[in-house]
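Colleague: One structure, as C-alpha cells, below. Some questions next.
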Amino acid sequence: MRKAWIVAAALAAPQLAPAAPLPAPTSQPCREQATGRALDFWIGDWNVVNLDGSKAGENRIERILDGCAVVEHWHGVDAGDDGISLFSYDAANHTWEQVWVTQDTSRPNGLKHQKLSGILYANALRFEGRIVLRDGKTVLDRTTVTPWLDGRVRQTIEQSQDGGKTWTIAFDAYYNRKGRPDLGARPGGDPH
C-alpha cells in the first residue's frame, strides 16, 4: 500500500519544464572597470618575508571567472598557518569583498569578512571588517595591500579592540615575486 501511495504522489507532482540556458556573456564587466582591475598588481606567485627579513610564507594569487574573482592561496611557515581568500568584485556597485578562511574558523582570525573601504595613496587597497571573538567582543580588522615600484607588494593587517581609537599591527610583510631578484624586506621608501 505504501509503495502505491509513493508512486501516485510522484505521478501527481507537477512536471517542471527544463530551465532555459543562460545567455552567453557579451562583455567582461569586471575587467572593463578600473576598480575591477584594482587587484591585478597582486596576481602571481610570491615569497613573503616579515619586516625583519625572516620568511613568513608563500602565496599564490590568481584571477578567475573573467576577473570577477581573485583567489589567494596562503601557506605560512608555521604548521597550520594556511588559508584561502576569495575576493569577489560586484560590477554593479564597483566594489570588492573578501572572505578569508582557514582550517580552524573558530580561532581568532580564522574567518574574516571584509569589504573594500577605499583605494588609498599609491593605489593601495584597504579592506575593513569586524571579527567577533568567542567571548562576544568585537575586533575591527583592516588589511592594506600596497604595490611598490620595485615590484614588491606590502601587506599590513591591523586590528583595533577599542572601536578604532588605537590600532596594533597583526601582520606586516613584503611580497617578493617568485622568479625575480629577491628584494627581501629592505626599506623601499615611498611606494611611488
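Just so we're on the same page: first chain in the C-alpha cells is A, next is B, and so on; residues restart at 1 for each chain, and ligands are numbered from 1 in the order they show up.
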Near segment 29-43 of chain A, counting only C-alpha atoms, which residues have an atom at most 7 Å away, once you skip same-chain residues fewer than 2 positions from it, shown as a ChimeraX atom specification?
Modeller: /A:27,61-63,67-68,89,91,94,147
Colleague: Report as a PyMOL selection string all protein, DNA and RNA residues lying within 9 Å of Glu58 of chain A, evaluated on only C-alpha atoms, omitting residues in the same chain fewer than 2 positions from it.
Modeller: chain A and resi 45-49+55-56+60+73-77+175
Colleague: Can you tell me, as a CSV table (one decimal) with C-alpha atoms, in the first residue's frame, what residues are no more than 9 Å from Trp167 of chain A when counting only C-alpha atoms, ignoring any on the same chain fewer than 4 positions away?
Modeller:
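Below is the file that was written, part-v7.csv:
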```
chain,number,residue,atom,x,y,z
A,140,LEU,CA,38.0,45.8,14.0
A,158,GLU,CA,45.9,46.0,11.7
A,159,GLN,CA,43.4,45.3,14.5
A,160,SER,CA,41.6,47.5,17.0
A,161,GLN,CA,39.9,46.4,20.2
A,162,ASP,CA,38.7,49.9,21.2
```
Colleague: Where in segment 14-75 of chain A does DSSP assign strand (DSSP E or B), given as number ranges by chain?
Modeller: A: 44-50, 55-64, 69-75
Colleague: For the selection you just gave me, I'd like the residues written to a file as a CSV table (one decimal), in the first residue's frame, keeping N, CA and C atoms.
Modeller:
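Final output, saved to out18.csv:
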```
chain,number,residue,atom,x,y,z
A,44,GLY,N,49.9,36.5,-9.0
A,44,GLY,CA,51.2,35.9,-9.2
A,44,GLY,C,51.5,35.0,-8.1
A,45,ASP,N,52.8,34.5,-8.1
A,45,ASP,CA,53.3,33.6,-7.1
A,45,ASP,C,54.4,34.4,-6.3
A,46,TRP,N,54.3,34.3,-5.0
A,46,TRP,CA,55.1,35.2,-4.1
A,46,TRP,C,55.8,34.5,-3.0
A,47,ASN,N,57.0,34.9,-2.7
A,47,ASN,CA,57.7,34.6,-1.4
A,47,ASN,C,57.4,35.8,-0.5
A,48,VAL,N,57.0,35.5,0.7
A,48,VAL,CA,56.6,36.6,1.6
A,48,VAL,C,57.6,36.6,2.8
A,49,VAL,N,58.1,37.8,3.1
A,49,VAL,CA,59.1,38.0,4.2
A,49,VAL,C,58.6,39.0,5.2
A,50,ASN,N,58.8,38.8,6.5
A,50,ASN,CA,58.5,39.7,7.5
A,50,ASN,C,59.4,40.9,7.4
A,55,LYS,N,61.4,34.6,6.7
A,55,LYS,CA,60.3,34.1,5.8
A,55,LYS,C,59.0,34.0,6.6
A,56,ALA,N,58.0,34.5,6.0
A,56,ALA,CA,56.6,34.4,6.6
A,56,ALA,C,55.8,33.3,5.9
A,57,GLY,N,56.1,33.1,4.6
A,57,GLY,CA,55.3,32.1,3.9
A,57,GLY,C,55.4,32.3,2.4
A,58,GLU,N,54.5,31.6,1.7
A,58,GLU,CA,54.3,31.7,0.3
A,58,GLU,C,52.9,32.0,0.0
A,59,ASN,N,52.6,32.7,-1.2
A,59,ASN,CA,51.3,33.0,-1.5
A,59,ASN,C,51.1,32.9,-3.0
A,60,ARG,N,50.0,32.4,-3.5
A,60,ARG,CA,49.6,32.4,-4.9
A,60,ARG,C,48.3,33.1,-5.0
A,61,ILE,N,48.3,34.1,-5.9
A,61,ILE,CA,47.1,34.9,-6.1
A,61,ILE,C,46.7,34.8,-7.6
A,62,GLU,N,45.5,34.4,-7.8
A,62,GLU,CA,45.1,34.1,-9.2
A,62,GLU,C,43.7,34.7,-9.5
A,63,ARG,N,43.6,35.2,-10.7
A,63,ARG,CA,42.3,35.8,-11.1
A,63,ARG,C,41.5,34.7,-11.8
A,64,ILE,N,40.2,34.6,-11.5
A,64,ILE,CA,39.3,33.6,-12.1
A,64,ILE,C,38.0,34.3,-12.5
A,69,ALA,N,36.6,37.5,-9.8
A,69,ALA,CA,37.0,36.9,-8.5
A,69,ALA,C,38.5,36.8,-8.5
A,70,VAL,N,39.1,36.9,-7.4
A,70,VAL,CA,40.6,36.6,-7.2
A,70,VAL,C,40.7,35.7,-6.0
A,71,VAL,N,41.5,34.6,-6.2
A,71,VAL,CA,41.7,33.7,-5.1
A,71,VAL,C,43.1,33.8,-4.6
A,72,GLU,N,43.2,33.8,-3.3
A,72,GLU,CA,44.5,33.8,-2.6
A,72,GLU,C,44.7,32.5,-1.9
A,73,HIS,N,45.9,31.8,-2.2
A,73,HIS,CA,46.3,30.6,-1.5
A,73,HIS,C,47.5,30.8,-0.6
A,74,TRP,N,47.3,30.9,0.7
A,74,TRP,CA,48.4,31.3,1.6
A,74,TRP,C,48.9,30.0,2.3
A,75,HIS,N,50.2,29.9,2.3
A,75,HIS,CA,50.9,28.8,3.1
A,75,HIS,C,52.0,29.4,3.9
```
Colleague: Might you pull out every residue within 9 Å of Arg126 of chain A, with only C-alpha atoms counted and same-chain residues fewer than 5 positions away left off, and present them as a ChimeraX atom specification?
Modeller: /A:115-120,142-146
Colleague: Provide the atom CA of Ile84 of chain A to atom CA of Thr102 of chain A distance in Å, to one decimal place.
Modeller: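 Calculated distance between atom CA of Ile84 of chain A and atom CA of Thr102 of chain A is 6.6 Å.
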Colleague: Got a sec: who's within 12 Å of Val139 of chain A, counting only C-alpha atoms, leaving out chain neighbours fewer than 4 positions off, as a PyMOL selection string?
Modeller: chain A and resi 108-109+112+128-135+158-168+170
Colleague: Within segment 23-177 of chain A, find each residue whose DSSP state, derived from the backbone, is helix (DSSP H, G or I), and express the selection as a VMD selection string.
Modeller: chain A and resid 29 to 32 35 to 37 40 to 42 65 to 67 121 to 123
Colleague: So how far away is atom CA of Gln114 of chain A from atom CA of Phe127 of chain A, in Å?
Modeller: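 Answer for the atom CA of Phe127 of chain A to atom CA of Gln114 of chain A separation: 5.6 Å.
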Colleague: Name the closest residue to Phe87 of chain A among the candidates A:Arg177, A:Arg107, A:Trp100, A:Asp182; distances are taken between atoms, counting only C-alpha atoms.
Modeller: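 Among A:Arg177, A:Arg107, A:Trp100, A:Asp182, it is A:Trp100 that comes nearest to Phe87 of chain A.
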Colleague: One decimal, Å: what's the distance from atom CA of Asp141 of chain A over to atom CA of Arg186 of chain A, could you say?
Modeller: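 About the pair atom CA of Asp141 of chain A and atom CA of Arg186 of chain A: they are 26.1 Å apart.
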Colleague: Nearest to Ala122 of chain A: which of A:Leu149, A:Ala185, A:Ala20, A:Ala173 is it, counting only C-alpha atoms?
Modeller: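 Using only C-alpha atoms, Ala122 of chain A sits closest to A:Leu149.
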Colleague: Calculated over only C-alpha atoms, which of the candidates A:Thr95, A:Gln103, A:Ser88, A:Asn176 has the smallest distance to Leu65 of chain A?
Modeller: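 Under the stated criterion, the closest residue is A:Ser88.
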